[in-house]
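Chemist: I'd like to ask some things about the structure below.
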Amino acid sequence: MNIEIVETLPDQHAKRVKELLRQCFSDAGLSDDERQERADRFCSRADTWRYVVALNGTDTVVGFATVYRRQIERNGASVALGGLGNVCTDPEWRHQGIASAVSAAAVEVMKHAKCDIAYLCAAVDDPGIVRLYGQCGFVPLCRPHTFFGSSGRLYEDSDAMIAPICSPAVYNAVLTSTEPFHIGIGNW
Ligand SMILES: CC(C)(COP(=O)(O)OP(=O)(O)OC[C@H]1O[C@@H](n2cnc3c(N)ncnc32)[C@H](O)[C@@H]1OP(=O)(O)O)[C@@H](O)C(=O)NCCC(=O)NCCS
């Protein structure tokens, strides 16, 4: 397995990535309203920084993630917020460490991008998922985080994990604060 970091998805991988995302994050069971809300919430395409692609021996995409980077303001100071989203592995290739390798590569990208801390949202009530992201430094935030949707609606969720990247001080401050952690406009 080979891990590649790309700024733009090459044509030969774009189709497979699209299929994989559809397969792994299907919206088939959602109502129109739910689909609309999902689009409102996950409106962070403009913050895409890089893609992480895992390729098998025949150069086929078997794992994927999007790395995000966004400047946010926290207590009057600017914070570089890294992000991990769309983490997925081809069902035929699961439980072989692909998502672990992709997530670890994403954290390295965020270090190069000088992110202070990183955020992701995940099933924090699933010990396996917490273990997956824990391997590369993420811990459950254990309190709400907020963000605006593209409509301007303020959302509050409780499924955040954060990791220190370049600033242990910002990480500790966010982790120990009692306020909801506001991540700006759009979830990922
Ligand atoms: C979750 C997912 C990305 C894991 O991919 P993977 O390549 O199989 O993951 P890894 O092999 O690196 O797994 C490492 C560890 O993560 C945990 N883990 C992996 N898949 C898991 C799952 N579906 N549920 C809970 N924990 C899981 C386990 O602790 C696993 O260790 P193990 O294989 O020794 O049990 C994959 O199942 C997937 O694409 N699911 C659908 C999309 C999704 O839910 N993405 C996560 C969004 S937050």
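Letters for chains follow the order of the structure tokens (A, B, ...), residue numbers begin at 1 for each chain, and ligand numbers begin at 1 in the order shown.
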Fewer than 6 positions away in the same chain doesn't count, so skip those; otherwise give me all residues within 9 Å of region 129-134 of chain A, counting only C-alpha atoms, as a list in words.
Modeler: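 What passes the distance filter is Ala99, Ser100, Ser103, Ala104, Ala122, Ala123, Pro140, Met161 and Ala163 of chain A.
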Chemist: How would the residues just picked look written out with C-alpha atoms as a PDB file, in the first residue's frame?
Modeler:
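Wrote result.pdb, looks like this:
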ATOM      1  CA  ALA A  99      -7.418   4.360   7.819  1.00  0.00           C
ATOM      2  CA  SER A 100      -4.777   4.418  10.560  1.00  0.00           C
ATOM      3  CA  SER A 103      -4.946   9.510   9.434  1.00  0.00           C
ATOM      4  CA  ALA A 104      -1.296   9.478  10.520  1.00  0.00           C
ATOM      5  CA  ALA A 122     -16.644  11.028  14.727  1.00  0.00           C
ATOM      6  CA  ALA A 123     -18.677   8.403  16.578  1.00  0.00           C
ATOM      7  CA  PRO A 140     -12.642  13.233  22.542  1.00  0.00           C
ATOM      8  CA  MET A 161     -12.122  14.986  18.816  1.00  0.00           C
ATOM      9  CA  ALA A 163      -5.353  16.751  18.617  1.00  0.00           C
TER      10      ALA A 163
END
Chemist: Show me which residues line ligand 1, defined as having an atom within 9 Å of a ligand atom where only C-alpha atoms and all ligand atoms count, and present them as number ranges by chain.
Modeler: A: 20-21, 23-25, 62-65, 84-91, 93-103, 120-124, 126-133, 135
Chemist: Please write the residues from the selection above to a file, keeping N, CA and C atoms, as a short mmCIF file (atom, residue, chain, number, x, y, z; two decimals), in the first residue's frame.
Modeler:
data_model
loop_
_atom_site.label_atom_id
_atom_site.label_comp_id
_atom_site.auth_asym_id
_atom_site.auth_seq_id
_atom_site.Cartn_x
_atom_site.Cartn_y
_atom_site.Cartn_z
N LEU A 20 -16.19 5.86 -3.80
CA LEU A 20 -15.89 5.42 -2.43
C LEU A 20 -16.63 6.29 -1.41
N LEU A 21 -16.64 7.59 -1.64
CA LEU A 21 -17.34 8.50 -0.72
C LEU A 21 -18.83 8.21 -0.73
N GLN A 23 -20.22 5.37 -1.45
CA GLN A 23 -20.40 4.06 -0.82
C GLN A 23 -20.28 4.16 0.72
N CYS A 24 -19.34 4.94 1.20
CA CYS A 24 -19.05 4.98 2.64
C CYS A 24 -19.92 5.99 3.39
N PHE A 25 -20.39 7.04 2.72
CA PHE A 25 -21.17 8.07 3.41
C PHE A 25 -22.49 8.27 2.68
N VAL A 62 -7.80 2.75 -2.35
CA VAL A 62 -8.48 1.88 -1.38
C VAL A 62 -8.72 2.61 -0.06
N GLY A 63 -8.17 3.81 0.08
CA GLY A 63 -8.39 4.59 1.29
C GLY A 63 -8.27 6.07 0.97
N PHE A 64 -8.94 6.88 1.76
CA PHE A 64 -9.01 8.30 1.40
C PHE A 64 -9.27 9.15 2.65
N ALA A 65 -8.82 10.39 2.62
CA ALA A 65 -9.21 11.40 3.63
C ALA A 65 -8.98 12.78 3.06
N LEU A 84 -9.59 16.85 9.78
CA LEU A 84 -9.58 15.56 9.10
C LEU A 84 -11.04 15.20 8.82
N GLY A 85 -11.33 14.87 7.57
CA GLY A 85 -12.70 14.50 7.21
C GLY A 85 -12.70 13.47 6.09
N ASN A 86 -13.86 12.91 5.85
CA ASN A 86 -14.07 11.94 4.75
C ASN A 86 -13.16 10.72 4.86
N VAL A 87 -12.77 10.35 6.08
CA VAL A 87 -11.88 9.19 6.23
C VAL A 87 -12.65 7.93 5.85
N CYS A 88 -12.16 7.20 4.89
CA CYS A 88 -12.88 5.99 4.47
C CYS A 88 -11.93 4.99 3.82
N THR A 89 -12.31 3.72 3.94
CA THR A 89 -11.53 2.62 3.37
C THR A 89 -12.48 1.74 2.56
N ASP A 90 -12.04 1.32 1.40
CA ASP A 90 -12.79 0.37 0.58
C ASP A 90 -13.17 -0.84 1.45
N PRO A 91 -14.46 -1.21 1.47
CA PRO A 91 -14.90 -2.32 2.33
C PRO A 91 -14.07 -3.59 2.18
N TRP A 93 -11.01 -3.76 1.86
CA TRP A 93 -9.65 -3.53 2.36
C TRP A 93 -9.63 -3.10 3.83
N ARG A 94 -10.73 -3.28 4.51
CA ARG A 94 -10.81 -2.79 5.90
C ARG A 94 -10.04 -3.68 6.87
N HIS A 95 -9.75 -3.11 8.04
CA HIS A 95 -9.04 -3.80 9.14
C HIS A 95 -7.65 -4.27 8.72
N GLN A 96 -7.02 -3.45 7.88
CA GLN A 96 -5.62 -3.74 7.53
C GLN A 96 -4.75 -2.53 7.83
N GLY A 97 -5.30 -1.60 8.60
CA GLY A 97 -4.50 -0.44 9.01
C GLY A 97 -4.50 0.71 8.01
N ILE A 98 -5.37 0.66 7.01
CA ILE A 98 -5.35 1.73 5.98
C ILE A 98 -5.81 3.07 6.55
N ALA A 99 -6.95 3.08 7.25
CA ALA A 99 -7.42 4.36 7.82
C ALA A 99 -6.42 4.88 8.85
N SER A 100 -5.79 3.98 9.58
CA SER A 100 -4.78 4.42 10.56
C SER A 100 -3.63 5.12 9.84
N ALA A 101 -3.17 4.51 8.74
CA ALA A 101 -2.04 5.09 7.99
C ALA A 101 -2.45 6.41 7.33
N VAL A 102 -3.65 6.46 6.81
CA VAL A 102 -4.15 7.69 6.16
C VAL A 102 -4.26 8.82 7.20
N SER A 103 -4.78 8.49 8.38
CA SER A 103 -4.95 9.51 9.43
C SER A 103 -3.59 10.00 9.92
N LEU A 120 -11.77 16.91 14.40
CA LEU A 120 -12.60 16.04 13.54
C LEU A 120 -13.87 15.71 14.29
N CYS A 121 -14.88 15.25 13.58
CA CYS A 121 -16.07 14.74 14.26
C CYS A 121 -16.20 13.27 13.92
N ALA A 122 -16.60 12.49 14.91
CA ALA A 122 -16.64 11.03 14.73
C ALA A 122 -17.58 10.43 15.77
N ALA A 123 -17.81 9.12 15.63
CA ALA A 123 -18.68 8.40 16.58
C ALA A 123 -17.91 8.18 17.89
N VAL A 124 -17.89 9.22 18.73
CA VAL A 124 -17.06 9.17 19.94
C VAL A 124 -17.60 8.18 20.99
N ASP A 126 -18.12 5.15 20.12
CA ASP A 126 -17.63 3.87 19.62
C ASP A 126 -16.14 3.75 19.99
N PRO A 127 -15.81 2.84 20.94
CA PRO A 127 -14.42 2.75 21.40
C PRO A 127 -13.43 2.45 20.27
N GLY A 128 -13.88 1.70 19.23
CA GLY A 128 -13.01 1.39 18.10
C GLY A 128 -12.64 2.65 17.34
N ILE A 129 -13.60 3.52 17.13
CA ILE A 129 -13.36 4.78 16.40
C ILE A 129 -12.45 5.69 17.22
N VAL A 130 -12.70 5.74 18.54
CA VAL A 130 -11.84 6.57 19.41
C VAL A 130 -10.41 6.03 19.37
N ARG A 131 -10.28 4.69 19.30
CA ARG A 131 -8.95 4.07 19.22
C ARG A 131 -8.28 4.42 17.88
N LEU A 132 -9.06 4.35 16.81
CA LEU A 132 -8.52 4.66 15.48
C LEU A 132 -7.86 6.04 15.46
N TYR A 133 -8.60 7.07 15.89
CA TYR A 133 -8.05 8.42 15.82
C TYR A 133 -7.11 8.72 16.99
N GLN A 135 -4.79 6.84 17.91
CA GLN A 135 -3.44 6.44 17.48
C GLN A 135 -2.64 7.61 16.91
#
Chemist: Using only C-alpha atoms, determine which residues lie at most 10 Å from region 11-15 of chain A, disregarding the query and same-chain residues fewer than 5 positions distant; provide the list as an MDAnalysis selection string.
Modeler: chainID A and resid 20 53 55 59:61
Chemist: Kindly save the residues from that selection, with N, CA and C atoms included, as a PDB file, in the first residue's frame.
Modeler:
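Final output, saved to part.pdb:
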ATOM      1  N   LEU A  20     -16.188   5.857  -3.797  1.00  0.00           N
ATOM      2  CA  LEU A  20     -15.886   5.422  -2.429  1.00  0.00           C
ATOM      3  C   LEU A  20     -16.633   6.291  -1.409  1.00  0.00           C
ATOM      4  N   VAL A  53      -4.447   9.882  -0.154  1.00  0.00           N
ATOM      5  CA  VAL A  53      -4.961   8.773  -0.945  1.00  0.00           C
ATOM      6  C   VAL A  53      -4.108   7.532  -0.660  1.00  0.00           C
ATOM      7  N   LEU A  55      -3.192   3.864  -2.006  1.00  0.00           N
ATOM      8  CA  LEU A  55      -3.282   3.106  -3.261  1.00  0.00           C
ATOM      9  C   LEU A  55      -2.797   1.681  -3.037  1.00  0.00           C
ATOM     10  N   ASP A  59      -2.363   0.508  -8.077  1.00  0.00           N
ATOM     11  CA  ASP A  59      -2.605   1.959  -8.130  1.00  0.00           C
ATOM     12  C   ASP A  59      -4.089   2.322  -8.069  1.00  0.00           C
ATOM     13  N   THR A  60      -4.871   1.473  -7.404  1.00  0.00           N
ATOM     14  CA  THR A  60      -6.302   1.760  -7.219  1.00  0.00           C
ATOM     15  C   THR A  60      -6.497   2.354  -5.827  1.00  0.00           C
ATOM     16  N   VAL A  61      -7.374   3.360  -5.731  1.00  0.00           N
ATOM     17  CA  VAL A  61      -7.633   4.000  -4.431  1.00  0.00           C
ATOM     18  C   VAL A  61      -8.389   3.033  -3.520  1.00  0.00           C
TER      19      VAL A  61
END
Chemist: With distances taken over only C-alpha atoms, which of A:Lys114, A:Arg38, A:Arg16, A:Arg22 is nearest to Gly149 (chain A)?
Modeler: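 Checking each of A:Lys114, A:Arg38, A:Arg16, A:Arg22 against Gly149 (chain A), counting only C-alpha atoms, the winner is A:Arg38.
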Chemist: Identify, on the basis of only C-alpha atoms, every residue whose closest approach to Ile5 (chain A) does not exceed 9 Å; exclude the query and any residue fewer than 5 positions from it along the same chain; express the result as a ChimeraX atom specification.
Modeler: /A:50-54,105-106,109
Chemist: Let me see the file: selected residues, N, CA and C atoms, as a PDB file, in the first residue's frame.
Modeler:
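This is the output file selection-v7.pdb:
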ATOM      1  N   ARG A  50      -5.428  19.482   1.539  1.00  0.00           N
ATOM      2  CA  ARG A  50      -4.822  18.403   0.752  1.00  0.00           C
ATOM      3  C   ARG A  50      -5.751  17.185   0.803  1.00  0.00           C
ATOM      4  N   TYR A  51      -5.475  16.225  -0.059  1.00  0.00           N
ATOM      5  CA  TYR A  51      -6.133  14.917   0.010  1.00  0.00           C
ATOM      6  C   TYR A  51      -5.080  13.868   0.329  1.00  0.00           C
ATOM      7  N   VAL A  52      -5.478  12.886   1.124  1.00  0.00           N
ATOM      8  CA  VAL A  52      -4.602  11.740   1.378  1.00  0.00           C
ATOM      9  C   VAL A  52      -5.236  10.543   0.682  1.00  0.00           C
ATOM     10  N   VAL A  53      -4.447   9.882  -0.154  1.00  0.00           N
ATOM     11  CA  VAL A  53      -4.961   8.773  -0.945  1.00  0.00           C
ATOM     12  C   VAL A  53      -4.108   7.532  -0.660  1.00  0.00           C
ATOM     13  N   ALA A  54      -4.776   6.425  -0.318  1.00  0.00           N
ATOM     14  CA  ALA A  54      -4.056   5.158  -0.151  1.00  0.00           C
ATOM     15  C   ALA A  54      -4.288   4.320  -1.401  1.00  0.00           C
ATOM     16  N   ALA A 105      -0.841  10.074   8.191  1.00  0.00           N
ATOM     17  CA  ALA A 105      -0.283  10.920   7.125  1.00  0.00           C
ATOM     18  C   ALA A 105      -0.936  12.305   7.150  1.00  0.00           C
ATOM     19  N   ALA A 106      -2.233  12.333   7.427  1.00  0.00           N
ATOM     20  CA  ALA A 106      -2.957  13.617   7.489  1.00  0.00           C
ATOM     21  C   ALA A 106      -2.400  14.496   8.605  1.00  0.00           C
ATOM     22  N   VAL A 109       0.725  16.086   7.440  1.00  0.00           N
ATOM     23  CA  VAL A 109       0.401  17.211   6.540  1.00  0.00           C
ATOM     24  C   VAL A 109       0.059  18.452   7.372  1.00  0.00           C
TER      25      VAL A 109
END
Chemist: Find the distance between CA of Cys166 (chain A) and CA of Ala77 (chain A) and write it in Å to one decimal.
Modeler: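 Atom-to-atom, CA of Cys166 (chain A) and CA of Ala77 (chain A) are spaced 15.3 Å apart.
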Chemist: Given the choices A:Glu108, A:Asp47, A:Glu92, A:Glu37, which gets closest to Tyr155 (chain A) if the distance is worked out from only C-alpha atoms?
Modeler: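 Of A:Glu108, A:Asp47, A:Glu92, A:Glu37, the one nearest Tyr155 (chain A) is A:Glu37, counting only C-alpha atoms.
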Chemist: Could you check which of A:Lys18, A:Arg45, A:Arg74, A:Arg69 is closest to Tyr171 (chain A), using only C-alpha atoms?
Modeler: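 The shortest atom-to-atom distance to Tyr171 (chain A) comes from A:Arg74.
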